[in-house]
Amino acid sequence: MTDYLLLYSGGKMPETESEQADVMKAWGVWMENLGPALKDGGNPFTPQAKTIDTKGKVSDGPAGSPASGYSIIQANSLDEAVTMAKDCPVLMGGAKISVYETFEVM
């Protein structure tokens with residue numbers, strides 16, 4: 001099994017308590033359905049970010065599109081990871097998901 005990073009971009013938080021409860025319930029169901037394939041449920045990001053360039057210069061903001069959160073799952077292939085990500089509740093808020101295959105370095 002390989003680890004895959006699900007990187008969330010964009011989206012919005014639910015506005016009402018009822019909508020928040022629905023989304024939290026959906027996250028619980030999604031995570032439960034993933035079972036042991038869920039390695040790290042992750043966390044949302046704040047919009048605050050800094051970028052460090054190759055010369056060590058620091059600037060405000062992200063490098064590229066702002067990310068809004070992440071999760072790490074295990075799957076047998078990139079296609080399987082994508083299938084698992086398609087049910088992620090982050091999509092309910094209008095976010096997009098980039099799925100990255102990771103590899104171990106020693």
# chains A, B, ... in the order shown; residues from 1 in each chain; ligands from 1

$ residues_around --residues "stretch 94-104 of chain A" --least-positions-apart "2" --cutoff "7 Å" --atoms "only C-alpha atoms" --output "compact mmCIF listing (two decimals) with N, CA and C atoms, in the first residue's frame"
# COMPACT_ATOMS: atom_id res chain seq x y z
N ASP A 3 1.04 5.60 0.38
CA ASP A 3 0.36 6.76 0.96
C ASP A 3 0.04 7.76 -0.14
N TYR A 4 -1.12 8.39 -0.03
CA TYR A 4 -1.55 9.43 -0.96
C TYR A 4 -1.99 10.63 -0.15
N LEU A 5 -1.51 11.80 -0.56
CA LEU A 5 -1.89 13.05 0.07
C LEU A 5 -3.08 13.62 -0.69
N LEU A 6 -4.14 13.89 0.03
CA LEU A 6 -5.29 14.59 -0.55
C LEU A 6 -5.13 16.04 -0.13
N LEU A 7 -4.86 16.91 -1.07
CA LEU A 7 -4.66 18.32 -0.78
C LEU A 7 -5.91 19.08 -1.22
N TYR A 8 -6.55 19.73 -0.27
CA TYR A 8 -7.80 20.44 -0.53
C TYR A 8 -7.51 21.89 -0.86
N SER A 9 -8.20 22.42 -1.86
CA SER A 9 -8.05 23.82 -2.26
C SER A 9 -9.42 24.45 -2.39
N GLY A 10 -9.54 25.63 -1.79
CA GLY A 10 -10.78 26.39 -1.91
C GLY A 10 -11.87 25.84 -1.01
N GLY A 11 -13.08 26.16 -1.36
CA GLY A 11 -14.23 25.74 -0.57
C GLY A 11 -14.60 26.78 0.46
N LYS A 12 -15.70 26.52 1.14
CA LYS A 12 -16.16 27.44 2.18
C LYS A 12 -16.73 26.65 3.34
N LEU A 78 -3.01 5.07 -7.64
CA LEU A 78 -3.51 6.43 -7.72
C LEU A 78 -5.00 6.43 -8.07
N VAL A 82 -8.02 8.08 -5.90
CA VAL A 82 -8.96 9.05 -6.48
C VAL A 82 -10.40 8.61 -6.21
N VAL A 90 -15.27 17.41 1.76
CA VAL A 90 -14.74 18.74 1.45
C VAL A 90 -15.35 19.25 0.14
N LEU A 91 -15.74 18.32 -0.72
CA LEU A 91 -16.35 18.69 -2.00
C LEU A 91 -17.71 19.36 -1.81
N MET A 92 -18.36 19.08 -0.67
CA MET A 92 -19.67 19.68 -0.38
C MET A 92 -19.57 21.21 -0.26
N MET A 106 14.32 6.64 1.96
CA MET A 106 15.06 5.85 2.93
C MET A 106 14.25 5.66 4.14

$ residues_around --residues "A:Pro47" --least-positions-apart "5" --cutoff "10 Å" --atoms "only C-alpha atoms" --output "PyMOL selection string"
chain A and resi 61-62+66-68

$ decode --residues "stretch 2-96 of chain A" --atoms "C-alpha atoms" --output "CSV table (one decimal), in the first residue's frame"
chain,number,residue,atom,x,y,z
A,2,THR,CA,1.1,3.5,-0.8
A,3,ASP,CA,0.4,6.8,1.0
A,4,TYR,CA,-1.5,9.4,-1.0
A,5,LEU,CA,-1.9,13.1,0.1
A,6,LEU,CA,-5.3,14.6,-0.5
A,7,LEU,CA,-4.7,18.3,-0.8
A,8,TYR,CA,-7.8,20.4,-0.5
A,9,SER,CA,-8.0,23.8,-2.3
A,10,GLY,CA,-10.8,26.4,-1.9
A,11,GLY,CA,-14.2,25.7,-0.6
A,12,LYS,CA,-16.2,27.4,2.2
A,13,MET,CA,-17.3,26.7,5.7
A,14,PRO,CA,-21.0,25.9,6.3
A,15,GLU,CA,-22.9,29.0,7.5
A,16,THR,CA,-25.5,27.6,9.8
A,17,GLU,CA,-25.2,25.2,12.8
A,18,SER,CA,-27.4,22.7,11.0
A,19,GLU,CA,-25.2,22.8,7.9
A,20,GLN,CA,-22.1,22.5,10.1
A,21,ALA,CA,-23.6,19.4,11.8
A,22,ASP,CA,-24.4,17.8,8.4
A,23,VAL,CA,-20.9,18.3,7.2
A,24,MET,CA,-19.3,17.0,10.4
A,25,LYS,CA,-21.6,13.9,10.2
A,26,ALA,CA,-20.5,13.4,6.5
A,27,TRP,CA,-16.8,13.6,7.5
A,28,GLY,CA,-17.4,11.0,10.2
A,29,VAL,CA,-19.1,8.7,7.8
A,30,TRP,CA,-16.4,9.2,5.1
A,31,MET,CA,-13.6,8.5,7.6
A,32,GLU,CA,-15.4,5.5,9.0
A,33,ASN,CA,-15.9,4.1,5.5
A,34,LEU,CA,-12.2,4.5,4.8
A,35,GLY,CA,-11.4,2.4,7.8
A,36,PRO,CA,-7.7,1.5,8.1
A,37,ALA,CA,-7.0,3.2,4.7
A,38,LEU,CA,-7.2,6.5,6.5
A,39,LYS,CA,-3.7,7.2,7.8
A,40,ASP,CA,-4.2,10.8,8.9
A,41,GLY,CA,-7.6,12.6,8.8
A,42,GLY,CA,-5.7,15.9,8.5
A,43,ASN,CA,-6.8,19.4,9.4
A,44,PRO,CA,-8.0,22.5,7.6
A,45,PHE,CA,-5.5,25.3,7.0
A,46,THR,CA,-5.9,29.0,7.9
A,47,PRO,CA,-5.3,31.4,5.0
A,48,GLN,CA,-2.1,32.6,6.6
A,49,ALA,CA,1.0,31.3,4.8
A,50,LYS,CA,4.6,32.2,4.0
A,51,THR,CA,6.7,31.2,1.0
A,52,ILE,CA,10.4,30.6,1.1
A,53,ASP,CA,12.2,30.7,-2.3
A,54,THR,CA,15.4,28.9,-3.3
A,55,LYS,CA,17.5,31.8,-2.0
A,56,GLY,CA,15.8,31.8,1.4
A,57,LYS,CA,13.7,35.0,0.7
A,58,VAL,CA,10.4,34.8,2.6
A,59,SER,CA,7.3,36.4,1.2
A,60,ASP,CA,3.7,36.5,2.4
A,61,GLY,CA,1.2,34.1,0.9
A,62,PRO,CA,1.3,30.6,-0.5
A,63,ALA,CA,3.4,29.4,-3.4
A,64,GLY,CA,0.7,28.8,-6.1
A,65,SER,CA,-2.9,28.2,-5.3
A,66,PRO,CA,-3.9,28.4,-1.6
A,67,ALA,CA,-4.5,25.1,0.0
A,68,SER,CA,-7.3,24.7,2.6
A,69,GLY,CA,-6.5,21.4,4.2
A,70,TYR,CA,-5.3,17.8,3.8
A,71,SER,CA,-5.8,14.1,4.6
A,72,ILE,CA,-3.5,11.2,4.0
A,73,ILE,CA,-4.9,7.8,2.9
A,74,GLN,CA,-3.4,4.5,1.8
A,75,ALA,CA,-4.4,2.8,-1.5
A,76,ASN,CA,-3.0,0.3,-4.0
A,77,SER,CA,-3.0,2.8,-6.8
A,78,LEU,CA,-3.5,6.4,-7.7
A,79,ASP,CA,-6.8,5.5,-9.4
A,80,GLU,CA,-8.0,3.7,-6.2
A,81,ALA,CA,-7.0,6.8,-4.1
A,82,VAL,CA,-9.0,9.1,-6.5
A,83,THR,CA,-12.0,6.8,-6.1
A,84,MET,CA,-11.7,7.0,-2.3
A,85,ALA,CA,-11.3,10.8,-2.5
A,86,LYS,CA,-14.4,11.3,-4.6
A,87,ASP,CA,-16.7,10.8,-1.6
A,88,CYS,CA,-14.7,13.3,0.6
A,89,PRO,CA,-17.1,15.8,2.2
A,90,VAL,CA,-14.7,18.7,1.5
A,91,LEU,CA,-16.3,18.7,-2.0
A,92,MET,CA,-19.7,19.7,-0.4
A,93,GLY,CA,-18.2,23.1,0.3
A,94,GLY,CA,-17.0,23.7,-3.2
A,95,ALA,CA,-13.3,22.7,-2.6
A,96,LYS,CA,-11.2,20.7,-5.1
